[in-house]
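Each remark here refers to the structure printed beneath this line.
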Amino acid sequence: MSDGSVQQRQSQPAVPLLEEQRVGEILAAVPERRHWRYRPRRVGMVWRSRTFRIVAVCTVLAICGLAILALVRDQTGTEGFLVGLGLAVLPVPLLMAAFRWLDRVEPAPWRNLLFAFAWGAFAAALIAILANSFATRWIATATADPSNADTLGATVIAPVIEESAKAAAVLLIFLFRRREFNGIVDGIVVAGFTASGFAFTENILYLGNAFGEDQQIGTSGVVSVTAATFFVRAVMSPFAHPLFTVLTGIGFGLAAASARHRRIRRIALPLLGLVLAMGMHALWNGSASFGPYGFYAVYGVFMVPVFGLVTWLAIWSRQRELRTLAAELPAYAAAGWLTPAEPLALSSMRARGMARDAARQRHAAAAGGIRVGPYGPGHWPPPYAPVYEPGHGPGHAPGHAPAYGPGYGPGHGYGPGHGYGPGHGYGPGHAPRRGPSAQVRAHVAAQAKAHGRAAARAVAEYESFATSLASLRRQARRGSAGPDFAERELELLHHLWQRRNVAAPALTYAAQATGRLRPHRLPPAPHAYPFPPHMQPGGNAYNPYLNPHRPPPPQ
């Protein structure tokens with residue numbers, strides 16, 4: 001045997017030949033788990049845990065909150081901090097309610113909005129106060145001019161740092177909650193919540209310092225520095241910080257609505273919005289250096305018109321979302337997933353609210369034992385006043401229905417011979433029966449209210465899923481829906497189908513009651529935008545109208 005063959009044989013692995021009949025014998029020789037020398041490594045499994053991510057984010061925000069509140073308290077003192085905190089919280093509900101009202105068509109999850117507010121109030125504020133202080137001290141040391149350093153820090157350094165820190169929250173939601181960030185309205189709302197949180201913490205600092213000045217000079221009341229600061233920051237300009245950051249949010253919203261292949265546009269638009277936010281913030285901070293009337297000039301000539309323009313854009317974008325519902329949902333109505341009236345009702349905020357109220361009242365009345373007819377005026381009994389059909393009262397044998405009072409239908413009042421059934425009048429030996437106890441009535445009323453709330457919640461969820469479906473279809477036409485469009489569409493249709501029996505009649509009634517459903521306004525079959533291939537007759541989707549022999553989706 002040659003040396004080369006020997007070396008080749010020695011280089012081969014010394015393992016037994018894998019034969020099918022010896023697999024069990026070979027695997028049986030593997031040691032037990034506690035004797036393993038090599039163990040599988042879980043790469044990235046901790047960070048992939050949703051619980052770990054939530055705990056990590058909450059911990060970081062909590063640490064930032066404790067740090068920024070400690071810094072503010074150190075600068076203002078305990079008493080000034082408490083006064084500033086009490087005054088700074090007053091405009092917050094107004095700001096949050098305004099942005100939440102704007103987002104009523106397709107509401108963003110509260111977890112996103114609370115994260116944005118907490119980021120602005122804690123993380124962004126902490127970054128800003130530390131970076132601004134460091135930059136101002138560095139400029140003062142480098143130029144040996146502290147007054148010029150304060151002016152330069154307020155007009156140049158602060159806008160760049162603060163707007164960048166606030167934009168980070170919008171960027172994080174844009175990247176990690178992409179399905180819940182679809183357009184301009186989402187960008188405005190997320191940016192508004194972030195800036196509202198930032199303004200809240202900043203107001204604590206300014207109002208606390210103003211209170212400290214009042215304590216030193218002995219002023220109080222309407223002529224105090226605290227009152228003047230509160231008037232300027234909370235009355236005249238509560239939307240100042242939200243207005244700056246909303247420009248960044250608009251940039252991210254336009255990027256979210258852009259097609260995926262337009263990468264330059266998707267990067268340039270958020271950067272442009274951030275630059276505009278920095279510029280507007282710098283102009284606002286520098287208005288005091290333009291003379292005694294510079295602040296009022298900037299406020300009246302620039303800030304108020306821009307605020308009006310952004311408000312108009314936000315309302316127009318919200319109306320555009322409603323128009324999207326009217327344009328996209330008729331395709332699903334033609335396929336049988338929706339009734340023809342539903343797109344008309346879903347595209348009206350008034351009709352959507354009316355549908356929720358109607359479902360709540362009707363299902364509460366039905367759960368209370370009241371006979372209910374079709375949706376429409378004149379069919380509603382007094383709310384939560386249960387009356388049972390003969391033989392259907394709780395805890396009573398057939399033919400022993402209790403009467404709850406007059407006016408709820410024939411044969412159910414307290415009039416002579418009514419409500420006690422045959423042979424149960426006031427004749428000899430037949431004492432009149434009493435109705436159910438107050439405890440039973442309260443239990444029935446509570447159940448009725450619960451059923452009503454559940455029905456209203458089902459209609460609200462139906463409206464939300466339908467809005468998401470229309471938005472998804474619009475993104476697909478624009479090329480920004482992503483490769484999982486078909487799976488997401490089927491999932492939304494499944495959620496709609498589960499709630500259809502409750503929501504569809506209520507929405508149809510609302511469309512009729514608001515005058516949106518008329519014979520000449522019934523939507524025609526869509527022709528401009530064809531239905532996706534997987535939803536065509538014979539496709540993979542369940543549709544009782546197109547594919548009646550396919551099984552329904554899983555419940």
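By convention here, the chains of the structure tokens are called A, B, ... in the order presented, each chain's residues are numbered starting at 1, and ligands are numbered starting at 1 in the order presented.
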
Query raised in the report: Which residues come within 12 Å of Leu276 of chain A, counting only C-alpha atoms, excluding same-chain residues fewer than 2 positions away, as an NGL selection string?
Result: :A and (159-160 or 163-164 or 243-251 or 269-274 or 278-283 or 306)

Produce a table with one row for each residue of segment 247-343 of chain A that has an atom at most 10 Å from any atom of segment 173-185 of chain A, each row naming the nearest atom pair and its distance in Å at one decimal; use only C-alpha atoms; arrange rows by chain and rising residue number; format as a tab-separated table.
residue	atom	partner	partner_atom	distance
A:Gly249	CA	A:Ile184	CA	7.3
A:Ile250	CA	A:Ile184	CA	5.3
A:Gly251	CA	A:Ile184	CA	7.8
A:Phe252	CA	A:Phe174	CA	7.5
A:Gly253	CA	A:Ile184	CA	4.0
A:Leu254	CA	A:Ile184	CA	5.9
A:Ala255	CA	A:Gly183	CA	7.8
A:Ala256	CA	A:Asn182	CA	5.6
A:Ala257	CA	A:Gly183	CA	5.3
A:Ser258	CA	A:Gly183	CA	9.0
A:Leu313	CA	A:Ile184	CA	8.8
A:Ala314	CA	A:Val185	CA	6.3
A:Ile315	CA	A:Val185	CA	8.6
A:Trp316	CA	A:Val185	CA	9.4
A:Ser317	CA	A:Val185	CA	6.2
A:Arg318	CA	A:Val185	CA	6.6
A:Arg320	CA	A:Val185	CA	9.9
A:Glu321	CA	A:Val185	CA	8.9

Store the residues picked out above in a file with N, CA and C atoms, as an mmCIF file, in the first residue's frame.
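Saved the output as again_16.cif:
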data_model
loop_
_atom_site.group_PDB
_atom_site.id
_atom_site.type_symbol
_atom_site.label_atom_id
_atom_site.label_comp_id
_atom_site.auth_asym_id
_atom_site.auth_seq_id
_atom_site.Cartn_x
_atom_site.Cartn_y
_atom_site.Cartn_z
ATOM 1 N N GLY A 249 -43.533 64.612 11.596
ATOM 2 C CA GLY A 249 -44.510 63.540 11.434
ATOM 3 C C GLY A 249 -45.129 63.523 10.051
ATOM 4 N N ILE A 250 -45.374 64.691 9.474
ATOM 5 C CA ILE A 250 -45.909 64.739 8.109
ATOM 6 C C ILE A 250 -44.916 64.127 7.129
ATOM 7 N N GLY A 251 -43.628 64.410 7.318
ATOM 8 C CA GLY A 251 -42.623 63.804 6.456
ATOM 9 C C GLY A 251 -42.632 62.287 6.551
ATOM 10 N N PHE A 252 -42.716 61.761 7.769
ATOM 11 C CA PHE A 252 -42.787 60.300 7.921
ATOM 12 C C PHE A 252 -44.095 59.755 7.355
ATOM 13 N N GLY A 253 -45.200 60.490 7.490
ATOM 14 C CA GLY A 253 -46.462 60.029 6.934
ATOM 15 C C GLY A 253 -46.436 59.950 5.426
ATOM 16 N N LEU A 254 -45.839 60.952 4.773
ATOM 17 C CA LEU A 254 -45.692 60.904 3.312
ATOM 18 C C LEU A 254 -44.785 59.761 2.889
ATOM 19 N N ALA A 255 -43.749 59.505 3.676
ATOM 20 C CA ALA A 255 -42.865 58.380 3.366
ATOM 21 C C ALA A 255 -43.596 57.047 3.510
ATOM 22 N N ALA A 256 -44.461 56.944 4.516
ATOM 23 C CA ALA A 256 -45.207 55.697 4.708
ATOM 24 C C ALA A 256 -46.175 55.439 3.567
ATOM 25 N N ALA A 257 -46.723 56.502 2.979
ATOM 26 C CA ALA A 257 -47.666 56.341 1.868
ATOM 27 C C ALA A 257 -46.979 56.163 0.530
ATOM 28 N N SER A 258 -45.672 56.307 0.466
ATOM 29 C CA SER A 258 -44.942 56.176 -0.793
ATOM 30 C C SER A 258 -44.698 54.711 -1.114
ATOM 31 N N LEU A 313 -54.538 70.705 6.813
ATOM 32 C CA LEU A 313 -53.962 69.500 6.224
ATOM 33 C C LEU A 313 -54.360 68.258 7.016
ATOM 34 N N ALA A 314 -54.370 68.367 8.337
ATOM 35 C CA ALA A 314 -54.741 67.217 9.166
ATOM 36 C C ALA A 314 -56.200 66.831 8.943
ATOM 37 N N ILE A 315 -57.104 67.833 8.908
ATOM 38 C CA ILE A 315 -58.524 67.528 8.702
ATOM 39 C C ILE A 315 -58.755 67.003 7.295
ATOM 40 N N TRP A 316 -58.059 67.585 6.310
ATOM 41 C CA TRP A 316 -58.181 67.093 4.928
ATOM 42 C C TRP A 316 -57.699 65.644 4.823
ATOM 43 N N SER A 317 -56.633 65.308 5.510
ATOM 44 C CA SER A 317 -56.124 63.934 5.483
ATOM 45 C C SER A 317 -57.110 62.979 6.133
ATOM 46 N N ARG A 318 -57.760 63.443 7.189
ATOM 47 C CA ARG A 318 -58.777 62.593 7.826
ATOM 48 C C ARG A 318 -59.955 62.371 6.887
ATOM 49 N N ARG A 320 -59.810 62.420 3.749
ATOM 50 C CA ARG A 320 -59.304 61.559 2.678
ATOM 51 C C ARG A 320 -59.369 60.091 3.078
ATOM 52 N N GLU A 321 -59.116 59.800 4.339
ATOM 53 C CA GLU A 321 -59.254 58.422 4.814
ATOM 54 C C GLU A 321 -60.696 57.950 4.672
#

Tyr462 of chain A: which residues within 10 Å, counting only C-alpha atoms, same-chain residues fewer than 5 positions away excluded, as an mmCIF file with C-alpha atoms, in the first residue's frame?
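Result file follows (out.cif):
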data_model
loop_
_atom_site.group_PDB
_atom_site.id
_atom_site.type_symbol
_atom_site.label_atom_id
_atom_site.label_comp_id
_atom_site.auth_asym_id
_atom_site.auth_seq_id
_atom_site.Cartn_x
_atom_site.Cartn_y
_atom_site.Cartn_z
ATOM 1 C CA LEU A 346 -68.330 53.390 7.114
ATOM 2 C CA ALA A 456 -71.248 48.194 20.437
ATOM 3 C CA ARG A 457 -67.698 46.915 20.830
ATOM 4 C CA THR A 467 -60.924 50.827 7.735
ATOM 5 C CA SER A 468 -57.705 48.822 7.850
ATOM 6 C CA LEU A 492 -59.040 41.186 7.957
ATOM 7 C CA LEU A 493 -61.885 39.553 6.014
ATOM 8 C CA HIS A 495 -62.323 39.329 11.422
ATOM 9 C CA LEU A 496 -65.100 41.105 9.533
ATOM 10 C CA TRP A 497 -66.950 37.854 8.897
ATOM 11 C CA GLN A 498 -66.932 36.972 12.585
ATOM 12 C CA ARG A 499 -68.692 40.265 13.451
ATOM 13 C CA ARG A 500 -70.889 40.562 10.410
ATOM 14 C CA VAL A 502 -74.011 42.168 14.610
ATOM 15 C CA ALA A 503 -72.435 44.992 12.613
ATOM 16 C CA ALA A 504 -74.012 44.730 9.160
ATOM 17 C CA LEU A 507 -74.472 49.906 9.686
#

Query raised in the report: Excluding same-chain residues fewer than 4 positions from Ala210 of chain A, what lies within 8 Å of it counting only C-alpha atoms, as a PyMOL selection string?
Result: chain A and resi 206+214+225-226+229

Query raised in the report: Skipping near chain neighbours, those fewer than 2 positions away, what residues fall within 10 Å of Arg73 of chain A using only C-alpha atoms, listed as an MDAnalysis selection string?
Result: chainID A and resid 67:71 75:82 84 204:205 208:209

Keeping N, CA, C and O atoms for every residue in the selection just given, could you write it to a file as an mmCIF file, in the first residue's frame?
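Okay, this is what ended up in result-v3.cif:
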data_model
loop_
_atom_site.group_PDB
_atom_site.id
_atom_site.type_symbol
_atom_site.label_atom_id
_atom_site.label_comp_id
_atom_site.auth_asym_id
_atom_site.auth_seq_id
_atom_site.Cartn_x
_atom_site.Cartn_y
_atom_site.Cartn_z
ATOM 1 N N ALA A 67 -34.718 60.299 36.181
ATOM 2 C CA ALA A 67 -33.571 61.197 36.037
ATOM 3 C C ALA A 67 -34.001 62.613 35.682
ATOM 4 O O ALA A 67 -33.527 63.592 36.282
ATOM 5 N N ILE A 68 -34.924 62.758 34.711
ATOM 6 C CA ILE A 68 -35.312 64.107 34.290
ATOM 7 C C ILE A 68 -36.111 64.805 35.389
ATOM 8 O O ILE A 68 -35.933 66.015 35.628
ATOM 9 N N LEU A 69 -36.957 64.079 36.100
ATOM 10 C CA LEU A 69 -37.706 64.718 37.180
ATOM 11 C C LEU A 69 -36.787 65.130 38.325
ATOM 12 O O LEU A 69 -36.997 66.176 38.955
ATOM 13 N N ALA A 70 -35.749 64.331 38.575
ATOM 14 C CA ALA A 70 -34.795 64.721 39.608
ATOM 15 C C ALA A 70 -34.024 65.968 39.197
ATOM 16 O O ALA A 70 -33.773 66.867 40.017
ATOM 17 N N LEU A 71 -33.638 66.067 37.912
ATOM 18 C CA LEU A 71 -32.935 67.265 37.442
ATOM 19 C C LEU A 71 -33.819 68.500 37.523
ATOM 20 O O LEU A 71 -33.373 69.580 37.939
ATOM 21 N N GLN A 75 -33.386 71.974 39.894
ATOM 22 C CA GLN A 75 -33.320 73.347 39.396
ATOM 23 C C GLN A 75 -34.431 74.233 39.940
ATOM 24 O O GLN A 75 -34.238 75.443 40.082
ATOM 25 N N THR A 76 -35.593 73.661 40.213
ATOM 26 C CA THR A 76 -36.736 74.475 40.627
ATOM 27 C C THR A 76 -37.006 74.426 42.122
ATOM 28 O O THR A 76 -37.719 75.300 42.641
ATOM 29 N N GLY A 77 -36.471 73.429 42.818
ATOM 30 C CA GLY A 77 -36.834 73.233 44.212
ATOM 31 C C GLY A 77 -38.108 72.421 44.334
ATOM 32 O O GLY A 77 -38.894 72.324 43.379
ATOM 33 N N THR A 78 -38.323 71.888 45.498
ATOM 34 C CA THR A 78 -39.475 71.002 45.677
ATOM 35 C C THR A 78 -40.793 71.744 45.496
ATOM 36 O O THR A 78 -41.701 71.287 44.794
ATOM 37 N N GLU A 79 -40.914 72.912 46.112
ATOM 38 C CA GLU A 79 -42.167 73.660 46.007
ATOM 39 C C GLU A 79 -42.417 74.138 44.590
ATOM 40 O O GLU A 79 -43.530 74.033 44.065
ATOM 41 N N GLY A 80 -41.387 74.657 43.945
ATOM 42 C CA GLY A 80 -41.533 75.075 42.557
ATOM 43 C C GLY A 80 -41.846 73.909 41.637
ATOM 44 O O GLY A 80 -42.624 74.048 40.687
ATOM 45 N N PHE A 81 -41.254 72.748 41.917
ATOM 46 C CA PHE A 81 -41.529 71.568 41.102
ATOM 47 C C PHE A 81 -42.996 71.163 41.206
ATOM 48 O O PHE A 81 -43.640 70.847 40.188
ATOM 49 N N LEU A 82 -43.548 71.177 42.406
ATOM 50 C CA LEU A 82 -44.943 70.789 42.579
ATOM 51 C C LEU A 82 -45.887 71.794 41.923
ATOM 52 O O LEU A 82 -46.883 71.397 41.298
ATOM 53 N N GLY A 84 -45.115 73.791 39.358
ATOM 54 C CA GLY A 84 -44.963 73.608 37.913
ATOM 55 C C GLY A 84 -45.652 72.356 37.416
ATOM 56 O O GLY A 84 -46.278 72.363 36.343
ATOM 57 N N ILE A 204 -42.976 72.168 33.204
ATOM 58 C CA ILE A 204 -42.677 72.028 34.633
ATOM 59 C C ILE A 204 -41.443 72.842 34.992
ATOM 60 O O ILE A 204 -41.408 73.555 36.014
ATOM 61 N N LEU A 205 -40.421 72.766 34.143
ATOM 62 C CA LEU A 205 -39.182 73.494 34.407
ATOM 63 C C LEU A 205 -39.402 75.005 34.362
ATOM 64 O O LEU A 205 -38.992 75.734 35.288
ATOM 65 N N GLY A 208 -41.847 76.150 37.171
ATOM 66 C CA GLY A 208 -41.195 76.051 38.478
ATOM 67 C C GLY A 208 -40.182 77.151 38.701
ATOM 68 O O GLY A 208 -40.095 77.733 39.795
ATOM 69 N N ASN A 209 -39.375 77.470 37.674
ATOM 70 C CA ASN A 209 -38.425 78.585 37.794
ATOM 71 C C ASN A 209 -39.137 79.916 37.952
ATOM 72 O O ASN A 209 -38.687 80.792 38.707
#

**Report entry** Thr136 of chain A environment, 8 Å, only C-alpha atoms, sequence neighbours closer than 3 positions dropped, as a count of residues only
**Finding:** 8

Query - Residue contacts of Ala364 of chain A (6 Å, only C-alpha atoms) excluding same-chain residues fewer than 4 positions away, as an MDAnalysis selection string - result: chainID A and resid 360 448:449 451:452

How would the residues just picked look written out with N, CA and C atoms as a PDB file, in the first residue's frame?
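What follows is the written file out.pdb:
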ATOM      1  N   ARG A 360     -75.941  48.916  20.450  1.00  0.00           N
ATOM      2  CA  ARG A 360     -75.959  48.850  21.916  1.00  0.00           C
ATOM      3  C   ARG A 360     -77.398  48.792  22.432  1.00  0.00           C
ATOM      4  N   ALA A 448     -78.233  42.990  30.513  1.00  0.00           N
ATOM      5  CA  ALA A 448     -78.635  43.713  29.313  1.00  0.00           C
ATOM      6  C   ALA A 448     -77.593  44.760  28.935  1.00  0.00           C
ATOM      7  N   LYS A 449     -77.101  45.487  29.922  1.00  0.00           N
ATOM      8  CA  LYS A 449     -76.066  46.482  29.642  1.00  0.00           C
ATOM      9  C   LYS A 449     -74.796  45.825  29.106  1.00  0.00           C
ATOM     10  N   HIS A 451     -74.577  43.008  27.412  1.00  0.00           N
ATOM     11  CA  HIS A 451     -74.805  42.618  26.025  1.00  0.00           C
ATOM     12  C   HIS A 451     -74.767  43.831  25.101  1.00  0.00           C
ATOM     13  N   GLY A 452     -75.318  44.935  25.551  1.00  0.00           N
ATOM     14  CA  GLY A 452     -75.279  46.137  24.728  1.00  0.00           C
ATOM     15  C   GLY A 452     -73.866  46.636  24.490  1.00  0.00           C
TER      16      GLY A 452
END

Give me the residues of segment 144-205 of chain A that have any atom at most 12 Å from an atom of segment 85-102 of chain A; for each, the nearest atom pair and the distance in Å, rounded to one decimal. Use only C-alpha atoms, sort by chain and number, and format it as JSON lines.
{"residue": "A:Ile184", "atom": "CA", "partner": "A:Leu102", "partner_atom": "CA", "distance": 11.1}
{"residue": "A:Val185", "atom": "CA", "partner": "A:Leu102", "partner_atom": "CA", "distance": 7.5}
{"residue": "A:Asp186", "atom": "CA", "partner": "A:Leu102", "partner_atom": "CA", "distance": 9.3}
{"residue": "A:Gly187", "atom": "CA", "partner": "A:Phe99", "partner_atom": "CA", "distance": 10.8}
{"residue": "A:Ile188", "atom": "CA", "partner": "A:Phe99", "partner_atom": "CA", "distance": 8.0}
{"residue": "A:Val189", "atom": "CA", "partner": "A:Phe99", "partner_atom": "CA", "distance": 5.5}
{"residue": "A:Val190", "atom": "CA", "partner": "A:Phe99", "partner_atom": "CA", "distance": 8.6}
{"residue": "A:Ala191", "atom": "CA", "partner": "A:Phe99", "partner_atom": "CA", "distance": 9.6}
{"residue": "A:Gly192", "atom": "CA", "partner": "A:Phe99", "partner_atom": "CA", "distance": 6.8}
{"residue": "A:Phe193", "atom": "CA", "partner": "A:Met96", "partner_atom": "CA", "distance": 6.7}
{"residue": "A:Thr194", "atom": "CA", "partner": "A:Met96", "partner_atom": "CA", "distance": 10.2}
{"residue": "A:Ala195", "atom": "CA", "partner": "A:Leu95", "partner_atom": "CA", "distance": 9.8}
{"residue": "A:Ser196", "atom": "CA", "partner": "A:Val92", "partner_atom": "CA", "distance": 6.7}
{"residue": "A:Gly197", "atom": "CA", "partner": "A:Val92", "partner_atom": "CA", "distance": 8.0}
{"residue": "A:Phe198", "atom": "CA", "partner": "A:Val92", "partner_atom": "CA", "distance": 10.6}
{"residue": "A:Ala199", "atom": "CA", "partner": "A:Ala88", "partner_atom": "CA", "distance": 8.4}
{"residue": "A:Phe200", "atom": "CA", "partner": "A:Ala88", "partner_atom": "CA", "distance": 5.6}
{"residue": "A:Thr201", "atom": "CA", "partner": "A:Ala88", "partner_atom": "CA", "distance": 7.6}
{"residue": "A:Glu202", "atom": "CA", "partner": "A:Ala88", "partner_atom": "CA", "distance": 8.5}
{"residue": "A:Asn203", "atom": "CA", "partner": "A:Ala88", "partner_atom": "CA", "distance": 5.4}
{"residue": "A:Ile204", "atom": "CA", "partner": "A:Leu85", "partner_atom": "CA", "distance": 5.2}
{"residue": "A:Leu205", "atom": "CA", "partner": "A:Leu85", "partner_atom": "CA", "distance": 8.6}

Output the selection as a short mmCIF file (atom, residue, chain, number, x, y, z; two decimals), in the first residue's frame - N, CA, C and O atoms for each residue.
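So the final result, stored in again27.cif, reads:
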data_model
loop_
_atom_site.label_atom_id
_atom_site.label_comp_id
_atom_site.auth_asym_id
_atom_site.auth_seq_id
_atom_site.Cartn_x
_atom_site.Cartn_y
_atom_site.Cartn_z
N ILE A 184 -50.36 60.29 6.58
CA ILE A 184 -50.11 61.60 7.19
C ILE A 184 -50.76 61.70 8.57
O ILE A 184 -50.15 62.22 9.51
N VAL A 185 -51.98 61.21 8.70
CA VAL A 185 -52.67 61.33 9.98
C VAL A 185 -51.90 60.59 11.08
O VAL A 185 -51.74 61.10 12.19
N ASP A 186 -51.41 59.40 10.78
CA ASP A 186 -50.64 58.66 11.78
C ASP A 186 -49.38 59.42 12.17
O ASP A 186 -49.01 59.47 13.35
N GLY A 187 -48.69 60.01 11.18
CA GLY A 187 -47.50 60.79 11.50
C GLY A 187 -47.81 62.00 12.36
O GLY A 187 -47.08 62.31 13.32
N ILE A 188 -48.91 62.69 12.06
CA ILE A 188 -49.29 63.86 12.85
C ILE A 188 -49.63 63.47 14.28
O ILE A 188 -49.21 64.13 15.25
N VAL A 189 -50.37 62.38 14.46
CA VAL A 189 -50.82 61.99 15.79
C VAL A 189 -49.64 61.53 16.64
O VAL A 189 -49.49 61.93 17.81
N VAL A 190 -48.77 60.68 16.09
CA VAL A 190 -47.62 60.21 16.85
C VAL A 190 -46.69 61.37 17.21
O VAL A 190 -46.23 61.49 18.36
N ALA A 191 -46.41 62.25 16.25
CA ALA A 191 -45.57 63.40 16.53
C ALA A 191 -46.22 64.33 17.54
O ALA A 191 -45.54 64.89 18.42
N GLY A 192 -47.54 64.51 17.45
CA GLY A 192 -48.23 65.37 18.41
C GLY A 192 -48.17 64.84 19.82
O GLY A 192 -47.95 65.61 20.77
N PHE A 193 -48.34 63.54 20.00
CA PHE A 193 -48.24 62.97 21.35
C PHE A 193 -46.82 63.08 21.88
O PHE A 193 -46.61 63.36 23.07
N THR A 194 -45.82 62.86 21.02
CA THR A 194 -44.44 62.99 21.47
C THR A 194 -44.13 64.41 21.93
O THR A 194 -43.55 64.63 23.00
N ALA A 195 -44.52 65.39 21.12
CA ALA A 195 -44.24 66.78 21.47
C ALA A 195 -45.06 67.23 22.67
O ALA A 195 -44.60 68.07 23.45
N SER A 196 -46.26 66.70 22.85
CA SER A 196 -47.05 67.05 24.03
C SER A 196 -46.36 66.58 25.31
O SER A 196 -46.34 67.29 26.32
N GLY A 197 -45.78 65.39 25.26
CA GLY A 197 -45.02 64.93 26.42
C GLY A 197 -43.79 65.78 26.68
O GLY A 197 -43.48 66.11 27.85
N PHE A 198 -43.09 66.16 25.63
CA PHE A 198 -41.91 67.02 25.80
C PHE A 198 -42.30 68.37 26.37
O PHE A 198 -41.65 68.89 27.28
N ALA A 199 -43.37 68.96 25.83
CA ALA A 199 -43.82 70.27 26.34
C ALA A 199 -44.27 70.18 27.79
O ALA A 199 -44.08 71.13 28.56
N PHE A 200 -44.84 69.05 28.18
CA PHE A 200 -45.26 68.86 29.57
C PHE A 200 -44.07 68.98 30.53
O PHE A 200 -44.10 69.71 31.52
N THR A 201 -42.98 68.26 30.23
CA THR A 201 -41.81 68.33 31.11
C THR A 201 -41.15 69.69 31.05
O THR A 201 -40.71 70.22 32.09
N GLU A 202 -41.07 70.29 29.87
CA GLU A 202 -40.46 71.61 29.76
C GLU A 202 -41.27 72.66 30.51
O GLU A 202 -40.70 73.58 31.11
N ASN A 203 -42.59 72.54 30.47
CA ASN A 203 -43.42 73.49 31.21
C ASN A 203 -43.21 73.38 32.72
O ASN A 203 -43.28 74.37 33.44
N ILE A 204 -42.98 72.17 33.20
CA ILE A 204 -42.68 72.03 34.63
C ILE A 204 -41.44 72.84 34.99
O ILE A 204 -41.41 73.56 36.01
N LEU A 205 -40.42 72.77 34.14
CA LEU A 205 -39.18 73.49 34.41
C LEU A 205 -39.40 75.01 34.36
O LEU A 205 -38.99 75.73 35.29
#

Query raised in the report: Taking only C-alpha atoms into account, which of A:Val440, A:Asn285, A:Trp337, A:Pro242 comes nearest Phe307 of chain A?
Result: A:Pro242

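Reported to one decimal place, the separation of atom CA of Leu472 of chain A from atom CA of Leu490 of chain A is 11.2 Å.
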